[in-house]
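> Sending over a structure as structure tokens; questions will come in a sec.
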Amino acid sequence: MMIEQTPDLLAILDDDKAVQAALQDLIESEGMSTLCFDSAEQFLDSVGRYQASCVIADIGMAGMSGIELQARLKVEQRGLPIIFVTARGDIPLAVSAMKEGASDFFSKPFAGDVLLAAVERALEENRDARRKAVEQAELLARYRSLTPREREVLPLLVSGLLNKQAAAQLGITEYTVQVHRGHIMRKMRAESFAALVRMGDGLSGRSQGGLALDAS
């Protein structure tokens, strides 16, 4: 399900309505939008799951816990930053959540300005992740435009082999490698060979849509 993400929309997950309202007032006072949910399950069943730029969640909610929600989103590779708010007794859990990639955590009660600073960091983290995802998708689209032979030539070139070495490995002429190199540079929109090497680094070891750059 692909839904356009709304910038700076925060999902607030807490089964305490008073905490929900306080967080909503705080966040919206800074000009950001919010959606409130009583549980992780309610959030996962809503369109807000696709629209949110950041989640603020109670770590110890009834039903699915904040930790379980974090694990679910991690499996789905959403890259959605989570800020946990915790009761004092939940701090060991919050520390574990941080090790698993949570953006931050705060013990109740907490200072509003400190939480807002954490929210801004999390939103910037989300923007950066979205930007990188777009860049990677564009890079992969360029890679997919290469012919099968060009995909064989590319990893050899970016690994540092000379044209004649790549030609020998593939059993083709050096001139043919030069032709392929020109086509690869054009299709990958590489302004220089150094740029092509960086693109190769971006593709190396990744397996998206069944594709991976491999010089072996």
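All residue names refer to the structure tokens as shown: chains lettered A, B, ... in order, residues numbered from 1 in each chain, ligands numbered from 1 in order.
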Could you list, as a list in words, every residue within 9 Å of range 134-151 of chain A, counting only C-alpha atoms and ignoring same-chain residues fewer than 4 positions away?
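Non-adjacent residues within range: Ala129, Arg130, Pro155, Val177, His180, Arg181, His183, Ile184, Lys187, Met188, Arg189, Met199, Gly202, Leu203, Gln208, Leu211 and Leu213 of chain A.
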> So that I can check the surroundings of Glu124 in chain A, please list as a CSV table (one decimal) with N, CA and C atoms, in the first residue's frame every protein, DNA and RNA residue that reaches within 10 Å of it, counting only C-alpha atoms and ignoring chain neighbours fewer than 6 positions away.

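For reference, out.csv as written:
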chain,number,residue,atom,x,y,z
A,8,ASP,N,6.1,16.0,8.5
A,8,ASP,CA,6.0,16.4,9.9
A,8,ASP,C,4.6,16.1,10.5
A,53,SER,N,5.6,10.7,10.1
A,53,SER,CA,7.0,10.9,9.9
A,53,SER,C,7.8,10.5,11.2
A,54,CYS,N,7.1,10.3,12.3
A,54,CYS,CA,7.7,10.0,13.6
A,54,CYS,C,6.6,9.4,14.5
A,81,PRO,N,11.2,6.7,12.6
A,81,PRO,CA,11.8,6.9,13.9
A,81,PRO,C,10.8,6.8,15.1
A,118,ALA,N,14.0,16.5,20.7
A,118,ALA,CA,14.2,15.1,20.2
A,118,ALA,C,13.3,14.8,19.0
A,130,ARG,N,14.3,9.2,4.0
A,130,ARG,CA,13.5,9.3,2.8
A,130,ARG,C,14.3,9.8,1.6
> Tell me, as a ChimeraX atom specification, which residues lie within 10 Å of Asp14 in chain A, counting only C-alpha atoms; anything in the same chain fewer than 2 positions away does not count.
/A:11-12,16-21,23,36-40,56-62,66,85
> Looking only at the backbone, which of the residues in chain A does DSSP tag as helix (DSSP H, G or I), as an MDAnalysis selection string?
chainID A and resid 17:28 40:44 48:51 66:75 88:99 112:144 148:158 163:170 174:187 193:203
> Nearest to Ser96 in chain A: which of A:Gly112, A:Gln70, A:Gly79, A:Gln165 is it, counting only C-alpha atoms?
A:Gln70
> Given only C-alpha atoms as the basis, pick out the residue of A:Ala195, A:Val47, A:Leu170, A:Ala22 nearest to Lys108 in chain A.
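The shortest atom-to-atom distance to Lys108 in chain A comes from A:Ala22.
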